[in-house]
Amino acid sequence: MTDRESPNASSPSSPPTVGRDEASRVAVAEAAAHAGARVAHDQFQSGIDVEQKGELDVVTEADRAAQRAVIARIRESFPDDAVVGEEEDERKTVPPTGPAWVVDPIDGTHNYVRGIRTWATAVAAVIDGEPVAAAIVCPALGDVYLADEEDASRNGEPIAVSGMTDPRKATVDPTIWWDFDSRDEYARACEAIVTRFGDMRRFGSAQVVLPLVAAGGLEATITNVAVNPWDSVAGVHVVRNAGGKVTDLDGDRWRHDSIGLVASNGHLHEEALAAAREIGDGG
């Protein structure tokens, strides 16, 4: 971790002191993510009905059922903790103090409803707004990512970010989505990536992309928009524990309420940050 990202002890962005129940939060995050992923996977490629939440946002009964399964498992062990969830009536913001859980039952619903296997169930435990545990289960891909207070793993094996230092050999993902009235920004994101880096991928699921950065499959992922906590908190924790760096557009340590998200292997962070800054201002 670089000095720029490392929080000092007096900063409100400082990670919390790990409590005695941190290990149980890791176990519950994993069990809850598996519970939701099983529900979602049981209905995957089944012709499930799709509803529109917005012009570019869809939801299915599988999203809602999977979220209920995740929360039910969390409540067995932590009945009084706040839950932040994408669907239904769960709260939509991370509380600034105390313990909470951040849940995305199906991240990548557009992929899910099209029968594309790139989607995930993500669960993060946070204390005072900072993640202490994360689990991301990608059942159709066969991958499970976990992060505790220090380490990150995929399918039980430790992972680490890429050691790539040459941007011309790097691959970067433009994550999240730009509304129709912001497609010029999407175009600039693509241009900023392809003019700086060797290649570009877009997977359509931030909670799959962030672990790919953590495991070295991508060198970075960028966006200039504010990212919902359920789309980001778990994956950000995995990236950091794998040795990566995650900041906002100002280059400051990313938090759940930041504007923009730039996650990288650290070696190419300045290049990724420069690309992200071009998106909104046209360079």
# chains A, B, ... in the order shown; residues from 1 in each chain; ligands from 1
call {"tool": "residues_around", "arguments": {"residues": "segment 160-177 of chain A", "least_positions_apart": "3", "cutoff": "6 Å", "atoms": "only C-alpha atoms", "output": "PyMOL selection string"}}
result
chain A and resi 197-202+214-216+218-223+242-244+265+267
call {"tool": "select_by_dssp", "arguments": {"residues": "segment 53-255 of chain A", "states": "helix (DSSP H, G or I)", "output": "PyMOL selection string"}}
result
chain A and resi 61-77+109-113+167-169+180-194+206-214+229-231+233-241
call {"tool": "residues_around", "arguments": {"residues": "Gly108 of chain A", "least_positions_apart": "4", "cutoff": "9 Å", "atoms": "only C-alpha atoms", "output": "PyMOL selection string"}}
result
chain A and resi 112-113+118-120+203-208
call {"tool": "select_by_dssp", "arguments": {"residues": "segment 82-268 of chain A", "states": "strand (DSSP E or B)", "output": "PyMOL selection string"}}
result
chain A and resi 82-85+91+99-107+120-127+130-138+143-147+152-154+157-158+171-174+199-200+220-226+245-247+253+259-264
call {"tool": "write_last_selection", "arguments": {"atoms": "C-alpha atoms", "output": "mmCIF file, in the first residue's frame"}}
result
data_model
loop_
_atom_site.group_PDB
_atom_site.id
_atom_site.type_symbol
_atom_site.label_atom_id
_atom_site.label_comp_id
_atom_site.auth_asym_id
_atom_site.auth_seq_id
_atom_site.Cartn_x
_atom_site.Cartn_y
_atom_site.Cartn_z
ATOM 1 C CA ALA A 82 -27.777 -2.544 9.732
ATOM 2 C CA VAL A 83 -28.099 -3.986 6.226
ATOM 3 C CA VAL A 84 -27.518 -2.002 3.030
ATOM 4 C CA GLY A 85 -29.081 -3.816 0.081
ATOM 5 C CA ARG A 91 -31.363 0.982 3.499
ATOM 6 C CA PRO A 99 -21.439 -2.370 12.145
ATOM 7 C CA ALA A 100 -23.312 -2.937 8.893
ATOM 8 C CA TRP A 101 -23.551 -5.324 5.959
ATOM 9 C CA VAL A 102 -23.543 -4.367 2.280
ATOM 10 C CA VAL A 103 -25.327 -6.787 -0.037
ATOM 11 C CA ASP A 104 -25.659 -7.175 -3.793
ATOM 12 C CA PRO A 105 -27.663 -10.330 -4.516
ATOM 13 C CA ILE A 106 -26.903 -10.337 -8.258
ATOM 14 C CA ASP A 107 -24.295 -7.910 -9.494
ATOM 15 C CA ALA A 120 -21.843 -12.418 -8.689
ATOM 16 C CA THR A 121 -23.392 -12.333 -5.245
ATOM 17 C CA ALA A 122 -21.412 -9.945 -3.043
ATOM 18 C CA VAL A 123 -21.476 -9.433 0.730
ATOM 19 C CA ALA A 124 -19.281 -7.093 2.764
ATOM 20 C CA ALA A 125 -19.147 -6.451 6.490
ATOM 21 C CA VAL A 126 -18.238 -2.894 7.461
ATOM 22 C CA ILE A 127 -17.537 -1.164 10.762
ATOM 23 C CA GLU A 130 -14.841 0.625 6.481
ATOM 24 C CA PRO A 131 -14.889 -2.990 5.251
ATOM 25 C CA VAL A 132 -13.514 -5.702 7.511
ATOM 26 C CA ALA A 133 -14.675 -8.761 5.552
ATOM 27 C CA ALA A 134 -15.909 -9.561 2.062
ATOM 28 C CA ALA A 135 -17.172 -12.525 0.084
ATOM 29 C CA ILE A 136 -17.934 -12.567 -3.641
ATOM 30 C CA VAL A 137 -19.407 -15.747 -5.071
ATOM 31 C CA CYS A 138 -19.587 -16.212 -8.848
ATOM 32 C CA ASP A 143 -15.104 -18.667 -8.395
ATOM 33 C CA VAL A 144 -15.301 -17.599 -4.753
ATOM 34 C CA TYR A 145 -13.306 -14.577 -3.558
ATOM 35 C CA LEU A 146 -12.783 -13.902 0.139
ATOM 36 C CA ALA A 147 -11.065 -11.125 2.062
ATOM 37 C CA ALA A 152 -7.463 -12.166 -0.155
ATOM 38 C CA SER A 153 -8.086 -15.481 -1.854
ATOM 39 C CA ARG A 154 -9.819 -17.124 -4.811
ATOM 40 C CA GLU A 157 -5.699 -19.878 -2.856
ATOM 41 C CA PRO A 158 -4.006 -16.524 -2.095
ATOM 42 C CA THR A 171 -5.639 -4.359 -19.768
ATOM 43 C CA VAL A 172 -8.190 -2.007 -18.189
ATOM 44 C CA ASP A 173 -11.964 -2.147 -17.713
ATOM 45 C CA PRO A 174 -14.390 0.827 -17.808
ATOM 46 C CA ASP A 199 -6.233 -3.428 -24.300
ATOM 47 C CA MET A 200 -9.705 -2.944 -22.847
ATOM 48 C CA ALA A 220 -7.122 -1.563 -13.469
ATOM 49 C CA THR A 221 -10.766 -0.589 -13.629
ATOM 50 C CA ILE A 222 -12.010 3.009 -13.741
ATOM 51 C CA THR A 223 -15.120 5.151 -13.550
ATOM 52 C CA ASN A 224 -15.798 8.829 -12.889
ATOM 53 C CA VAL A 225 -19.232 8.374 -11.307
ATOM 54 C CA ALA A 226 -20.326 7.783 -7.730
ATOM 55 C CA LYS A 245 -4.740 0.541 -4.690
ATOM 56 C CA VAL A 246 -8.202 2.105 -4.835
ATOM 57 C CA THR A 247 -8.826 5.861 -4.862
ATOM 58 C CA ARG A 253 -8.339 6.759 -0.472
ATOM 59 C CA ILE A 259 -16.951 10.261 -6.400
ATOM 60 C CA GLY A 260 -15.285 8.056 -8.970
ATOM 61 C CA LEU A 261 -13.479 4.780 -8.421
ATOM 62 C CA VAL A 262 -10.027 3.881 -9.703
ATOM 63 C CA ALA A 263 -8.738 0.447 -8.708
ATOM 64 C CA SER A 264 -5.372 -0.738 -9.943
#
call {"tool": "closest_residue", "arguments": {"among": "A:Arg73, A:Gly251, A:Asp184, A:Thr109", "to": "Gln52 of chain A", "atoms": "only C-alpha atoms"}}
result
A:Thr109
call {"tool": "residues_around", "arguments": {"residues": "Pro96 of chain A", "least_positions_apart": "2", "cutoff": "8 Å", "atoms": "only C-alpha atoms", "output": "JSON, numbers by chain"}}
result
{"A": [94, 98, 128, 129]}
call {"tool": "write_last_selection", "arguments": {"atoms": "N, CA, C and O atoms", "output": "mmCIF file, in the first residue's frame"}}
result
data_model
loop_
_atom_site.group_PDB
_atom_site.id
_atom_site.type_symbol
_atom_site.label_atom_id
_atom_site.label_comp_id
_atom_site.auth_asym_id
_atom_site.auth_seq_id
_atom_site.Cartn_x
_atom_site.Cartn_y
_atom_site.Cartn_z
ATOM 1 N N VAL A 94 -24.519 3.520 3.545
ATOM 2 C CA VAL A 94 -23.749 2.892 4.619
ATOM 3 C C VAL A 94 -23.750 3.812 5.830
ATOM 4 O O VAL A 94 -23.401 4.995 5.712
ATOM 5 N N GLY A 98 -20.717 2.288 13.521
ATOM 6 C CA GLY A 98 -21.279 0.998 13.878
ATOM 7 C C GLY A 98 -21.126 -0.052 12.798
ATOM 8 O O GLY A 98 -20.662 0.227 11.691
ATOM 9 N N ASP A 128 -17.942 1.191 11.067
ATOM 10 C CA ASP A 128 -17.677 2.625 10.926
ATOM 11 C C ASP A 128 -17.391 3.002 9.474
ATOM 12 O O ASP A 128 -16.539 3.841 9.193
ATOM 13 N N GLY A 129 -18.091 2.356 8.568
ATOM 14 C CA GLY A 129 -17.989 2.671 7.149
ATOM 15 C C GLY A 129 -16.855 2.002 6.414
ATOM 16 O O GLY A 129 -16.747 2.146 5.194
#
call {"tool": "atom_distance", "arguments": {"atom1": "atom CA of Asp49 of chain A", "atom2": "atom CA of Ala72 of chain A"}}
result
23.8 Å
call {"tool": "closest_residue", "arguments": {"among": "A:Asp252, A:Asp63, A:Asp257, A:Glu149", "to": "Arg240 of chain A", "atoms": "only C-alpha atoms"}}
result
A:Glu149
call {"tool": "residues_around", "arguments": {"residues": "Ala69 of chain A", "least_positions_apart": "4", "cutoff": "9 Å", "atoms": "only C-alpha atoms", "output": "ChimeraX atom specification"}}
result
/A:32-33,35-37,39,64-65,73-74,105
call {"tool": "atom_distance", "arguments": {"atom1": "atom CA of Trp230 of chain A", "atom2": "atom CA of Glu86 of chain A"}}
result
6.4 Å
call {"tool": "closest_residue", "arguments": {"among": "A:Asp148, A:Ser77, A:Ala192, A:Val28", "to": "Glu271 of chain A", "atoms": "only C-alpha atoms"}}
result
A:Ala192
call {"tool": "closest_residue", "arguments": {"among": "A:Arg255, A:Arg196, A:Ala31, A:Pro139", "to": "Glu270 of chain A", "atoms": "only C-alpha atoms"}}
result
A:Arg196
